[in-house]
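Just below is one structure, and these are the notes that go with it.
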Amino acid sequence: MNRLYGPLDDVAGDAGHVEHPPRVGFFTDTSVCIGCKACEVACKEWNAVPEDGLDLLGMSFDNTGMLGADSWRHVAFVEQPRRTAHQDPAFAGLPTGPSGIPETAGAVEPRLEAAPRGGSELGTNPLPPGGPEPQELGMPGFSRPGDLTGPESRTDFRWLMASDVCKHCTHAGCLDVCPTGALFRTEFGTVVVQQDLCNGCGYCVSGCPYGVIDRRQHDGRANKCTLCYDRLGDGLEPACAKACPTDSIQFGELDELRERADRRLAQLHDLGVSEARLYGRDPDDGVGGDGAFFLLLDEPEVYGLPPDPHVPTRDAPSMWKRAGQAAAAFLLAGAAAFLAGGRR
Amino acid sequence: MPEAEFRSYYGRPVLKAPVWEWKIAAYLFCGGLAAGASVVAAGADLTGRPALRRSSRLGSLGGLLASLYFLVSDLGRPARFHHMLRVLKPTSPMSVGTWILSAFGAGAGAAAVAEVVPRRWRGTWPARLLGRLARPLGVSAAATAPGVASYTAVLLSHTAVPGWNEVRDELPFVFVGSAAASGGGFGMLCAPVAEAGPARVFAAVGAAGEIVAARVMEHRLGLVGEVYREGHVGRLRKASEALTAAGLAGTLLVAHRSRAGAAASGIALLAGSALQRFGVFEAGVASTKDPKYVVVPQRERVDARTAPS
Ligand code: SF4
Ligand code: SF4
């Protein structure tokens with residue numbers, strides 16, 4: 001049981017690896033992320049991921065936009081009109097504002113609409129220049145909002161930064177649907193595309209409930225984070241984790257990372273950061289738990305993550321059952337039509 | 001419906017829009033046509049309707065060849081299409097479908113080739129062998145046709161795309177209805193009225209099933225129903241229903257007495273079926289471009305779970 005859905009203790013073993021190392025992954029603690037993008041750069045360097053545009057996108061300091069075939073790490077920047085939690089726990093109970101300042105989102109919107117795939121190809125391509133007029137956003141700036149006009153007009157403000165990555169799901173939608181066997185489960189329990197097998201059918205792109213994997217333009221094959229499979233083989237940690245100066249990205253054995261994350265969560269809650277939460281840590285969630293999971297300071301959707309994803313394979317038995325019923329009805333209709341018509 | 005309140009990352013999509021192009025929608029139609037026509041062809045063969053048999057076998061092969069073209073050319077690496085044949089993977093509807101299509105294609109292809117062997121080769125032993133095998137091969141195609149007609153619904157629904165995933169209970173019925181309507185409609189278009197009786201019944205049952213299943217599907221959908229009703233997709237689907245309904249009416253009322261009426265009804269059914277496929281395809285694509293269809297239902301689920309009961 002649990003091969004299609006639900007908790008699964010030994011992913012690599014389930015995939016057929018006999019003697020295998022323990023499952024590894026990432027714990028990304030976004031509460032200490034400083035938005036330096038060292039992870040993005042290290043990943044590109046080590047994995048020779050092509051350049052895909054260096055534009056600022058009008059979304060705070062984000063110039064990557066989204067994970068994609070050419071962006072295997074993406075640092076999200078969210079600006080919110082509230083204080084950083086630990087400064088004043090009294091604010092913890094207040095409702096949080098919308099992610100990003102409305103002006104910023106408004107400036108991006110026409111360009112998102114002009115993009116052929118609604119902007120989900122970002123991280124692979126810069127957004128087309130679209131929309132009415134280029135807008136003066138007055139940002140990015142290095143002074144806090146209200147600084148210039150005196151302390152009395154200062155507003156509450158906090159920045160959320162988070163380095164997103166492929167989740168290396170326990171039940172990976174991309175892997176399940178790949179018809180060539182190009183996507184496979186490694187002995188470390190991670191999910192990797194074999195470039196020599198992928199024929200670019202694109203099924204994985206729609207199979208991933210997190211919008212991670214994409215087909216690389218001009219190459220035609222699917223690409224995503226490999227959790228630095230080559231480095232793991234040599235006993236090295238992945239390039240992003242190695243480069244992260246604050247240990248926001250922590251690499252290790254998944255069991256150990258989960259314990260560490262639980263301790264960090266308890267610590268933050270003790271400090272009054274009640275909005276801290278873990279995302280993807282729970283083996284009972286819709287994908288059986290993520291190999292790469294996160295500590296977030298707001299709801300997942302604020303960072304562009306789905307709040308309650310599930311692997312489509314969960315419903316495979318019932319979908320095939322319905323298809324079987326429909327197929328039977330189809331055949332029955334055909335047979336009945338000719339039986340009623342008789343011989344000629 | 002009031003505008004849904006939700007939060008997102010600068011309004012950006014959460015999911016990747018499918019990389020599939022219109023060719024996949026065209027494949028859905030052609031594959032359905034090939035399946036429907038092969039059932040009609042086998043039935044016509046077994047009940048002594050040679051004109052209906054011949055045209056349906058050829059129609060089935062035509063649909064199959066077009067399907068293969070659309071499928072292969074939509075790949076990022078078309079020259080590697082045969083990598084699909086490396087494995088049979090039950091968790092991948094595309095892999096399962098590849099094998100269903102291969103089994104179907106062998107039978108449907110051979111049966112159609114038997115129809116077009118030139119007169120001067122008919123006496124040769126391979127041609128005589130093929131002639132004898134045409135019936136069992138055609139029947140084998142008809143036996144696998146229900147798989148071809150229905151697996152494409154699982155293909156779409158077995159994704160994270162809200163507009164496809166959330167119609168998983170009804171889509172197989174919409175698609176087999178559409179396949180039967182197009183297969184029967186094709187027989188009505190190509191064969192004389194006297195032979196096409198069973199094709200009319202098959203088409204009518206399919207068209208009625210398609211209309212009902214599509215209505216149920218749309219009715220049951222929550223927020224994501226918007227993408228099925230609004231804008232370009234809404235127009236496609238309205239046109240599809242109108243054409244299918246007109247084709248159904250024509251099939252029931254005039255197709256048994258007028259050759260022209262039968263042909264017109266057949267064309268309407270074919271067009272209705274094609275628009276149905278494009279409508280469903282585009283609805284899924286549209287549902288990935290707006291984060292609302294991902295975030296709102298998932299947020300509701302989370303809130304329902306965490307709410308104090
Ligand atoms: S389904 Fe998406 S997040 Fe999960 S392993 Fe595949 S690409 Fe990564
Ligand atoms: S695009 Fe490549 S990796 Fe993705 S499902 Fe198709 S063959 Fe597999």
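Scheme for the structure tokens: letters A, B, ... for chains in order shown; per-chain residue numbers from 1; ligand numbers from 1 in order shown.
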Practice item. Show me which residues sit within 7 Å of ligand 1 when counting only C-alpha atoms and all ligand atoms, and put them as a PyMOL selection string. Key: chain A and resi 166-169+172-175+191+207-213+224
Convert the current residue selection to file output with C-alpha atoms, as a short mmCIF file (atom, residue, chain, number, x, y, z; two decimals), in the first residue's frame.
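Dumped to again.cif:
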data_model
loop_
_atom_site.label_atom_id
_atom_site.label_comp_id
_atom_site.auth_asym_id
_atom_site.auth_seq_id
_atom_site.Cartn_x
_atom_site.Cartn_y
_atom_site.Cartn_z
CA CYS A 166 11.92 21.33 -6.54
CA LYS A 167 10.28 19.52 -3.65
CA HIS A 168 11.57 16.03 -4.52
CA CYS A 169 8.17 14.71 -3.53
CA ALA A 172 6.17 12.87 -7.42
CA GLY A 173 3.55 13.82 -9.98
CA CYS A 174 6.24 14.44 -12.60
CA LEU A 175 7.84 11.06 -12.12
CA VAL A 191 13.82 12.81 -8.41
CA GLY A 207 1.95 16.50 -13.64
CA CYS A 208 3.81 18.61 -11.07
CA PRO A 209 1.41 20.14 -8.53
CA TYR A 210 4.01 22.80 -7.63
CA GLY A 211 4.69 24.19 -11.13
CA VAL A 212 8.38 23.32 -10.89
CA ILE A 213 9.53 21.35 -13.90
CA LYS A 224 14.68 20.81 -13.03
#
Point to revise | DSSP helix (DSSP H, G or I) residues within segment 42-288 of chain B, listed as an MDAnalysis selection string | key: chainID B and resid 42:46 50:73 78:86 93:115 119:121 125:157 162:165 171:190 197:220 225:229 231:253 259:288
Review point. How would you write, as a list in words, the set of residues no farther than 6 Å from ligand 2 when counting only C-alpha atoms and all ligand atoms?
Key: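 Within the 6 Å cut-off, the matching residues are Cys178, Pro179, Thr180, Ala182, Leu183, Val193, Cys198, Asn199, Gly200, Cys201, Gly202, Tyr203, Cys204, Arg221 and Ala222 of chain A.
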Check your understanding: Residues of chain A within 7 Å of chain B, using only C-alpha atoms, as a VMD selection string?
Key -> chain A and resid 98 to 100 105 117 to 121 176 to 181 197 199 to 202 205 to 211 220 to 221 301 to 308 312 to 313 316 319 to 320 322 to 323 326 to 327 330 to 331 333 to 334 337 to 338 341 to 344
Review point. Quick one: residues within 8 Å of Ala127 of chain B, only C-alpha atoms counted, chain neighbours fewer than 6 positions away excluded, as a PyMOL selection string?
Key: chain B and resi 114+117+121
Residue contacts of Val75 of chain A (7 Å, only C-alpha atoms) excluding same-chain residues fewer than 3 positions away, as a PDB file with N, CA, C and O atoms, in the first residue's frame:
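Result file is part-v7.pdb:
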ATOM      1  N   GLY A  35      18.013  36.953   1.118  1.00  0.00           N
ATOM      2  CA  GLY A  35      17.747  37.340  -0.261  1.00  0.00           C
ATOM      3  C   GLY A  35      18.979  37.634  -1.084  1.00  0.00           C
ATOM      4  O   GLY A  35      18.932  38.424  -2.021  1.00  0.00           O
ATOM      5  N   LYS A  37      20.628  35.570  -3.046  1.00  0.00           N
ATOM      6  CA  LYS A  37      20.586  34.812  -4.299  1.00  0.00           C
ATOM      7  C   LYS A  37      21.869  34.040  -4.583  1.00  0.00           C
ATOM      8  O   LYS A  37      22.098  33.628  -5.727  1.00  0.00           O
ATOM      9  N   ASP A  62      12.919  40.562  -7.034  1.00  0.00           N
ATOM     10  CA  ASP A  62      12.845  39.288  -7.749  1.00  0.00           C
ATOM     11  C   ASP A  62      13.164  39.504  -9.220  1.00  0.00           C
ATOM     12  O   ASP A  62      12.477  40.253  -9.909  1.00  0.00           O
ATOM     13  N   MET A 161      11.602  36.625   2.453  1.00  0.00           N
ATOM     14  CA  MET A 161      12.402  36.091   1.358  1.00  0.00           C
ATOM     15  C   MET A 161      12.448  34.587   1.495  1.00  0.00           C
ATOM     16  O   MET A 161      12.516  34.061   2.614  1.00  0.00           O
ATOM     17  N   ALA A 162      12.369  33.898   0.381  1.00  0.00           N
ATOM     18  CA  ALA A 162      12.343  32.437   0.447  1.00  0.00           C
ATOM     19  C   ALA A 162      12.961  31.870  -0.813  1.00  0.00           C
ATOM     20  O   ALA A 162      12.624  32.285  -1.918  1.00  0.00           O
ATOM     21  N   SER A 163      13.846  30.914  -0.637  1.00  0.00           N
ATOM     22  CA  SER A 163      14.469  30.277  -1.788  1.00  0.00           C
ATOM     23  C   SER A 163      13.714  28.990  -2.105  1.00  0.00           C
ATOM     24  O   SER A 163      13.758  28.023  -1.357  1.00  0.00           O
ATOM     25  N   ASP A 164      13.011  29.022  -3.234  1.00  0.00           N
ATOM     26  CA  ASP A 164      12.168  27.892  -3.636  1.00  0.00           C
ATOM     27  C   ASP A 164      12.983  26.910  -4.486  1.00  0.00           C
ATOM     28  O   ASP A 164      13.972  27.305  -5.127  1.00  0.00           O
TER      29      ASP A 164
END
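For the atom pair formed by atom CA of Leu4 of chain A and atom CA of Ser71 of chain A, the distance is 28.5 Å, given to one decimal.
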Please provide the set of residues having any atom within 8 Å of Cys225 of chain A, restricted to only C-alpha atoms, with same-chain residues fewer than 2 positions apart removed, written as a PDB file with N, CA, C and O atoms, in the first residue's frame.
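And here's result12.pdb as it stands now:
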ATOM      1  N   TRP A  72      16.532  26.745 -11.285  1.00  0.00           N
ATOM      2  CA  TRP A  72      16.277  25.606 -10.398  1.00  0.00           C
ATOM      3  C   TRP A  72      16.175  26.027  -8.941  1.00  0.00           C
ATOM      4  O   TRP A  72      15.794  25.248  -8.088  1.00  0.00           O
ATOM      5  N   ARG A  73      16.609  27.258  -8.666  1.00  0.00           N
ATOM      6  CA  ARG A  73      16.350  27.898  -7.387  1.00  0.00           C
ATOM      7  C   ARG A  73      15.736  29.240  -7.709  1.00  0.00           C
ATOM      8  O   ARG A  73      16.090  29.878  -8.695  1.00  0.00           O
ATOM      9  N   VAL A 165      12.550  25.682  -4.509  1.00  0.00           N
ATOM     10  CA  VAL A 165      13.284  24.642  -5.228  1.00  0.00           C
ATOM     11  C   VAL A 165      12.319  23.483  -5.491  1.00  0.00           C
ATOM     12  O   VAL A 165      11.235  23.438  -4.911  1.00  0.00           O
ATOM     13  N   CYS A 166      12.699  22.553  -6.348  1.00  0.00           N
ATOM     14  CA  CYS A 166      11.918  21.329  -6.543  1.00  0.00           C
ATOM     15  C   CYS A 166      11.766  20.611  -5.207  1.00  0.00           C
ATOM     16  O   CYS A 166      12.704  20.528  -4.431  1.00  0.00           O
ATOM     17  N   VAL A 192      15.071  12.795 -10.486  1.00  0.00           N
ATOM     18  CA  VAL A 192      16.009  13.349 -11.469  1.00  0.00           C
ATOM     19  C   VAL A 192      15.569  12.988 -12.891  1.00  0.00           C
ATOM     20  O   VAL A 192      15.042  11.904 -13.125  1.00  0.00           O
ATOM     21  N   ASN A 223      13.662  19.982 -17.669  1.00  0.00           N
ATOM     22  CA  ASN A 223      14.766  20.270 -16.766  1.00  0.00           C
ATOM     23  C   ASN A 223      14.255  20.725 -15.414  1.00  0.00           C
ATOM     24  O   ASN A 223      13.268  21.449 -15.342  1.00  0.00           O
ATOM     25  N   LEU A 227      18.929  17.990  -7.247  1.00  0.00           N
ATOM     26  CA  LEU A 227      19.531  17.965  -5.919  1.00  0.00           C
ATOM     27  C   LEU A 227      21.024  17.639  -6.051  1.00  0.00           C
ATOM     28  O   LEU A 227      21.596  16.939  -5.237  1.00  0.00           O
ATOM     29  N   CYS A 228      21.603  18.197  -7.119  1.00  0.00           N
ATOM     30  CA  CYS A 228      23.034  17.981  -7.407  1.00  0.00           C
ATOM     31  C   CYS A 228      23.424  16.510  -7.285  1.00  0.00           C
ATOM     32  O   CYS A 228      24.296  16.141  -6.477  1.00  0.00           O
TER      33      CYS A 228
END
Practice item. Figure out the distance between atom CA of Cys190 of chain B and atom CA of Ser60 of chain B, please, to one decimal in Å. Key: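 Those two atoms sit 12.4 Å apart.
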For segment 29-92 of chain A against segment 237-257 of chain A, with a cut-off of 10 Å and counting only C-alpha atoms, what is the closest atom pair and its distance in Å to one decimal for every residue that makes the cut, ordered by chain and number, as a Markdown table?
| residue | atom | partner | partner_atom | distance |
| --- | --- | --- | --- | --- |
| A:Asp29 | CA | A:Ser248 | CA | 4.7 |
| A:Thr30 | CA | A:Ser248 | CA | 6.0 |
| A:Ser31 | CA | A:Ser248 | CA | 7.5 |
| A:Val32 | CA | A:Ser248 | CA | 5.5 |
| A:Cys33 | CA | A:Ser248 | CA | 5.4 |
| A:Ile34 | CA | A:Thr246 | CA | 7.7 |
| A:Gly35 | CA | A:Cys244 | CA | 10.0 |
| A:Cys36 | CA | A:Cys244 | CA | 8.5 |
| A:Lys37 | CA | A:Cys244 | CA | 8.4 |
| A:Ala38 | CA | A:Ala243 | CA | 5.9 |
| A:Cys39 | CA | A:Cys240 | CA | 4.1 |
| A:Glu40 | CA | A:Cys240 | CA | 6.9 |
| A:Val41 | CA | A:Cys240 | CA | 8.0 |
| A:Ala42 | CA | A:Cys240 | CA | 5.6 |
| A:Cys43 | CA | A:Cys240 | CA | 5.7 |
| A:Lys44 | CA | A:Ala239 | CA | 9.1 |
| A:Glu45 | CA | A:Ala239 | CA | 8.7 |
| A:Trp46 | CA | A:Ala239 | CA | 6.6 |
| A:Asn47 | CA | A:Ala239 | CA | 8.7 |
| A:Trp72 | CA | A:Cys240 | CA | 9.9 |
| A:Arg73 | CA | A:Cys240 | CA | 8.1 |
